[in-house]
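What follows is a set of notes on a single structure, which appears directly below.
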Amino acid sequence: MKKSDATQLKRQETDTFDTPTDLSRDAVVDISSGLRQLLADVFALYVKTKNFHWHMSGRHFRDYHLLLDEQSQQIFAMTDDIAERARKIGGTTLHSISDIAQHQRLKDNNTEFASPKDMLAELCADNQQLTRSLRSTHDVCEQHSDVATASLIENWIDETERRTWFLSEIVRDRDL
């Protein structure tokens, strides 16, 4: 185990508060750690979706611009629920932009220009990755019998799959 990994594990073990819950301390650490990573990914996806919303161009500009605005609002709405769930069970959550960067698994896109098709395909792939991460965190919740967090995650999976569906249908269009 690298020193940074050991430091991170120690931080996670101490990043709990005396909040009334019937979940074990291990459950709180495991679940809040998963929620912290999900929150970082959701913030990264939100910023990327807004970036592509702002930089969209082409003949379908209006439709894609509005779609990405709608999707970014839905993604941003997840952030407060994720963070508050971690706090409700006695865990901590993200503290800063650098904390987001440290925990995110989705990659940023800092290119000056991307075609509409490339933007939408990348968002589709990112939403698919987010779905896999949500399922993984759901499994952790099930292992610890945290039905409340699992229930929230099930709704987020449905929303994320819907975004993926919309994006994949657009990217499949040869006239894009």
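Going through the structure tokens in order, the chains are called A, B, and so on, while each chain numbers its residues from 1 and the ligands are numbered from 1 in the order shown.
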
Could you name the residues that touch stretch 100-103 of chain A at 9 Å or less, counting only C-alpha atoms, but leaving out those on the same chain fewer than 4 positions away, as a PDB file with N, CA, C and O atoms, in the first residue's frame?
ATOM      1  N   ARG A  36     -18.577   9.676  -1.809  1.00  0.00           N
ATOM      2  CA  ARG A  36     -17.605  10.741  -2.093  1.00  0.00           C
ATOM      3  C   ARG A  36     -17.102  10.626  -3.532  1.00  0.00           C
ATOM      4  O   ARG A  36     -17.032  11.612  -4.263  1.00  0.00           O
ATOM      5  N   GLN A  37     -16.778   9.390  -3.956  1.00  0.00           N
ATOM      6  CA  GLN A  37     -16.337   9.190  -5.335  1.00  0.00           C
ATOM      7  C   GLN A  37     -17.462   9.478  -6.331  1.00  0.00           C
ATOM      8  O   GLN A  37     -17.222  10.097  -7.369  1.00  0.00           O
ATOM      9  N   LEU A  38     -18.674   9.034  -6.005  1.00  0.00           N
ATOM     10  CA  LEU A  38     -19.811   9.334  -6.881  1.00  0.00           C
ATOM     11  C   LEU A  38     -20.018  10.829  -7.012  1.00  0.00           C
ATOM     12  O   LEU A  38     -20.241  11.342  -8.117  1.00  0.00           O
ATOM     13  N   LEU A  39     -19.934  11.531  -5.898  1.00  0.00           N
ATOM     14  CA  LEU A  39     -20.132  12.979  -5.925  1.00  0.00           C
ATOM     15  C   LEU A  39     -19.075  13.656  -6.791  1.00  0.00           C
ATOM     16  O   LEU A  39     -19.394  14.552  -7.580  1.00  0.00           O
ATOM     17  N   ALA A  40     -17.833  13.220  -6.675  1.00  0.00           N
ATOM     18  CA  ALA A  40     -16.762  13.788  -7.508  1.00  0.00           C
ATOM     19  C   ALA A  40     -17.051  13.526  -8.988  1.00  0.00           C
ATOM     20  O   ALA A  40     -16.893  14.422  -9.832  1.00  0.00           O
ATOM     21  N   ASP A  41     -17.482  12.307  -9.304  1.00  0.00           N
ATOM     22  CA  ASP A  41     -17.812  11.987 -10.696  1.00  0.00           C
ATOM     23  C   ASP A  41     -18.992  12.808 -11.200  1.00  0.00           C
ATOM     24  O   ASP A  41     -19.000  13.266 -12.351  1.00  0.00           O
ATOM     25  N   PHE A  43     -19.954  15.798 -10.137  1.00  0.00           N
ATOM     26  CA  PHE A  43     -19.489  17.166 -10.387  1.00  0.00           C
ATOM     27  C   PHE A  43     -18.694  17.238 -11.690  1.00  0.00           C
ATOM     28  O   PHE A  43     -18.868  18.169 -12.484  1.00  0.00           O
ATOM     29  N   ALA A  44     -17.823  16.269 -11.931  1.00  0.00           N
ATOM     30  CA  ALA A  44     -17.035  16.258 -13.169  1.00  0.00           C
ATOM     31  C   ALA A  44     -17.947  16.149 -14.388  1.00  0.00           C
ATOM     32  O   ALA A  44     -17.745  16.848 -15.392  1.00  0.00           O
ATOM     33  N   LEU A  94     -17.176  15.809   0.080  1.00  0.00           N
ATOM     34  CA  LEU A  94     -16.140  16.629  -0.546  1.00  0.00           C
ATOM     35  C   LEU A  94     -16.058  18.008   0.101  1.00  0.00           C
ATOM     36  O   LEU A  94     -17.057  18.534   0.583  1.00  0.00           O
ATOM     37  N   HIS A  95     -14.850  18.576   0.040  1.00  0.00           N
ATOM     38  CA  HIS A  95     -14.618  19.880   0.664  1.00  0.00           C
ATOM     39  C   HIS A  95     -14.192  20.963  -0.323  1.00  0.00           C
ATOM     40  O   HIS A  95     -14.302  22.143  -0.002  1.00  0.00           O
ATOM     41  N   SER A  96     -13.687  20.571  -1.498  1.00  0.00           N
ATOM     42  CA  SER A  96     -13.099  21.573  -2.386  1.00  0.00           C
ATOM     43  C   SER A  96     -12.967  21.034  -3.808  1.00  0.00           C
ATOM     44  O   SER A  96     -13.186  19.844  -4.057  1.00  0.00           O
TER      45      SER A  96
END

Near-stretch 65-68 of chain A list (12 Å; only C-alpha atoms; drop same-chain fewer than 4 positions) as a PyMOL selection string: chain A and resi 45-61+72-76+116+119-120+123-124+163-164+166-167+170

Those selected residues, please, written with N, CA and C atoms and delivered as an mmCIF file, in the first residue's frame.
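Result written to result.cif:
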data_model
loop_
_atom_site.group_PDB
_atom_site.id
_atom_site.type_symbol
_atom_site.label_atom_id
_atom_site.label_comp_id
_atom_site.auth_asym_id
_atom_site.auth_seq_id
_atom_site.Cartn_x
_atom_site.Cartn_y
_atom_site.Cartn_z
ATOM 1 N N LEU A 45 -18.958 15.287 -14.313
ATOM 2 C CA LEU A 45 -19.897 15.138 -15.427
ATOM 3 C C LEU A 45 -20.726 16.396 -15.619
ATOM 4 N N TYR A 46 -21.102 17.031 -14.527
ATOM 5 C CA TYR A 46 -21.858 18.283 -14.620
ATOM 6 C C TYR A 46 -21.048 19.346 -15.366
ATOM 7 N N VAL A 47 -19.803 19.531 -14.952
ATOM 8 C CA VAL A 47 -18.966 20.565 -15.579
ATOM 9 C C VAL A 47 -18.733 20.236 -17.051
ATOM 10 N N LYS A 48 -18.485 18.965 -17.360
ATOM 11 C CA LYS A 48 -18.263 18.579 -18.756
ATOM 12 C C LYS A 48 -19.530 18.809 -19.588
ATOM 13 N N THR A 49 -20.679 18.464 -19.028
ATOM 14 C CA THR A 49 -21.940 18.653 -19.748
ATOM 15 C C THR A 49 -22.189 20.135 -20.000
ATOM 16 N N LYS A 50 -21.927 20.982 -19.005
ATOM 17 C CA LYS A 50 -22.077 22.432 -19.201
ATOM 18 C C LYS A 50 -21.055 22.945 -20.220
ATOM 19 N N ASN A 51 -19.832 22.456 -20.148
ATOM 20 C CA ASN A 51 -18.803 22.854 -21.111
ATOM 21 C C ASN A 51 -19.283 22.564 -22.536
ATOM 22 N N PHE A 52 -19.777 21.364 -22.757
ATOM 23 C CA PHE A 52 -20.244 20.999 -24.093
ATOM 24 C C PHE A 52 -21.508 21.776 -24.464
ATOM 25 N N HIS A 53 -22.353 22.060 -23.498
ATOM 26 C CA HIS A 53 -23.540 22.892 -23.716
ATOM 27 C C HIS A 53 -23.110 24.274 -24.215
ATOM 28 N N TRP A 54 -22.106 24.858 -23.573
ATOM 29 C CA TRP A 54 -21.633 26.200 -23.939
ATOM 30 C C TRP A 54 -20.908 26.213 -25.278
ATOM 31 N N HIS A 55 -20.282 25.111 -25.640
ATOM 32 C CA HIS A 55 -19.448 25.075 -26.846
ATOM 33 C C HIS A 55 -20.075 24.293 -27.999
ATOM 34 N N MET A 56 -21.341 23.978 -27.882
ATOM 35 C CA MET A 56 -22.035 23.262 -28.944
ATOM 36 C C MET A 56 -22.134 24.159 -30.177
ATOM 37 N N SER A 57 -22.102 23.550 -31.345
ATOM 38 C CA SER A 57 -22.247 24.289 -32.602
ATOM 39 C C SER A 57 -22.893 23.357 -33.625
ATOM 40 N N GLY A 58 -23.134 23.893 -34.787
ATOM 41 C CA GLY A 58 -23.642 23.064 -35.871
ATOM 42 C C GLY A 58 -25.130 23.234 -36.110
ATOM 43 N N ARG A 59 -25.613 22.460 -37.061
ATOM 44 C CA ARG A 59 -26.994 22.641 -37.511
ATOM 45 C C ARG A 59 -28.033 22.182 -36.502
ATOM 46 N N HIS A 60 -27.639 21.352 -35.556
ATOM 47 C CA HIS A 60 -28.574 20.919 -34.511
ATOM 48 C C HIS A 60 -28.301 21.644 -33.200
ATOM 49 N N PHE A 61 -27.646 22.797 -33.310
ATOM 50 C CA PHE A 61 -27.217 23.541 -32.124
ATOM 51 C C PHE A 61 -28.325 23.681 -31.081
ATOM 52 N N SER A 72 -27.664 18.725 -17.704
ATOM 53 C CA SER A 72 -26.784 19.286 -16.666
ATOM 54 C C SER A 72 -27.576 19.657 -15.416
ATOM 55 N N GLN A 73 -28.778 20.145 -15.572
ATOM 56 C CA GLN A 73 -29.621 20.459 -14.409
ATOM 57 C C GLN A 73 -29.953 19.193 -13.621
ATOM 58 N N GLN A 74 -30.250 18.130 -14.342
ATOM 59 C CA GLN A 74 -30.559 16.864 -13.689
ATOM 60 C C GLN A 74 -29.332 16.323 -12.952
ATOM 61 N N ILE A 75 -28.193 16.425 -13.566
ATOM 62 C CA ILE A 75 -26.945 15.954 -12.945
ATOM 63 C C ILE A 75 -26.637 16.782 -11.705
ATOM 64 N N PHE A 76 -26.737 18.096 -11.809
ATOM 65 C CA PHE A 76 -26.444 18.952 -10.666
ATOM 66 C C PHE A 76 -27.386 18.673 -9.498
ATOM 67 N N PRO A 116 -19.757 18.176 -32.428
ATOM 68 C CA PRO A 116 -20.955 17.793 -31.688
ATOM 69 C C PRO A 116 -21.043 16.281 -31.465
ATOM 70 N N MET A 119 -18.612 15.249 -28.741
ATOM 71 C CA MET A 119 -19.091 15.689 -27.433
ATOM 72 C C MET A 119 -20.170 14.740 -26.905
ATOM 73 N N LEU A 120 -21.151 14.464 -27.754
ATOM 74 C CA LEU A 120 -22.273 13.636 -27.338
ATOM 75 C C LEU A 120 -21.833 12.195 -27.073
ATOM 76 N N LEU A 123 -20.059 12.168 -23.681
ATOM 77 C CA LEU A 123 -21.032 12.243 -22.593
ATOM 78 C C LEU A 123 -21.779 10.917 -22.439
ATOM 79 N N CYS A 124 -22.070 10.267 -23.543
ATOM 80 C CA CYS A 124 -22.731 8.964 -23.500
ATOM 81 C C CYS A 124 -21.844 7.965 -22.758
ATOM 82 N N ARG A 163 -30.340 9.349 -19.666
ATOM 83 C CA ARG A 163 -29.432 10.268 -20.364
ATOM 84 C C ARG A 163 -28.595 9.506 -21.388
ATOM 85 N N THR A 164 -28.107 8.346 -20.997
ATOM 86 C CA THR A 164 -27.308 7.519 -21.901
ATOM 87 C C THR A 164 -28.122 7.135 -23.134
ATOM 88 N N PHE A 166 -30.743 8.693 -24.497
ATOM 89 C CA PHE A 166 -30.934 9.849 -25.373
ATOM 90 C C PHE A 166 -29.662 10.139 -26.165
ATOM 91 N N LEU A 167 -28.536 10.184 -25.495
ATOM 92 C CA LEU A 167 -27.269 10.497 -26.156
ATOM 93 C C LEU A 167 -26.903 9.427 -27.181
ATOM 94 N N ILE A 170 -28.884 9.787 -30.387
ATOM 95 C CA ILE A 170 -28.423 10.912 -31.212
ATOM 96 C C ILE A 170 -27.128 10.551 -31.928
#

Residues flagged helix (DSSP H, G or I) by DSSP in stretch 8-163 of chain A, as an MDAnalysis selection string: chainID A and resid 8:14 25:54 61:88 97:103 116:143 147:163

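Taking only C-alpha atoms, the non-local environment of A:Arg132 within 12 Å (same-chain residues fewer than 3 positions away omitted) comprises Leu38, Asp41, Arg105, Leu106, Ala125, Asp126, Asn127, Gln128, Gln129, Arg135, Ser136, Thr137, His138, Asp139, Ile153, Glu154, Trp156, Ile157, Asp158, Thr160 and Glu161 of chain A.
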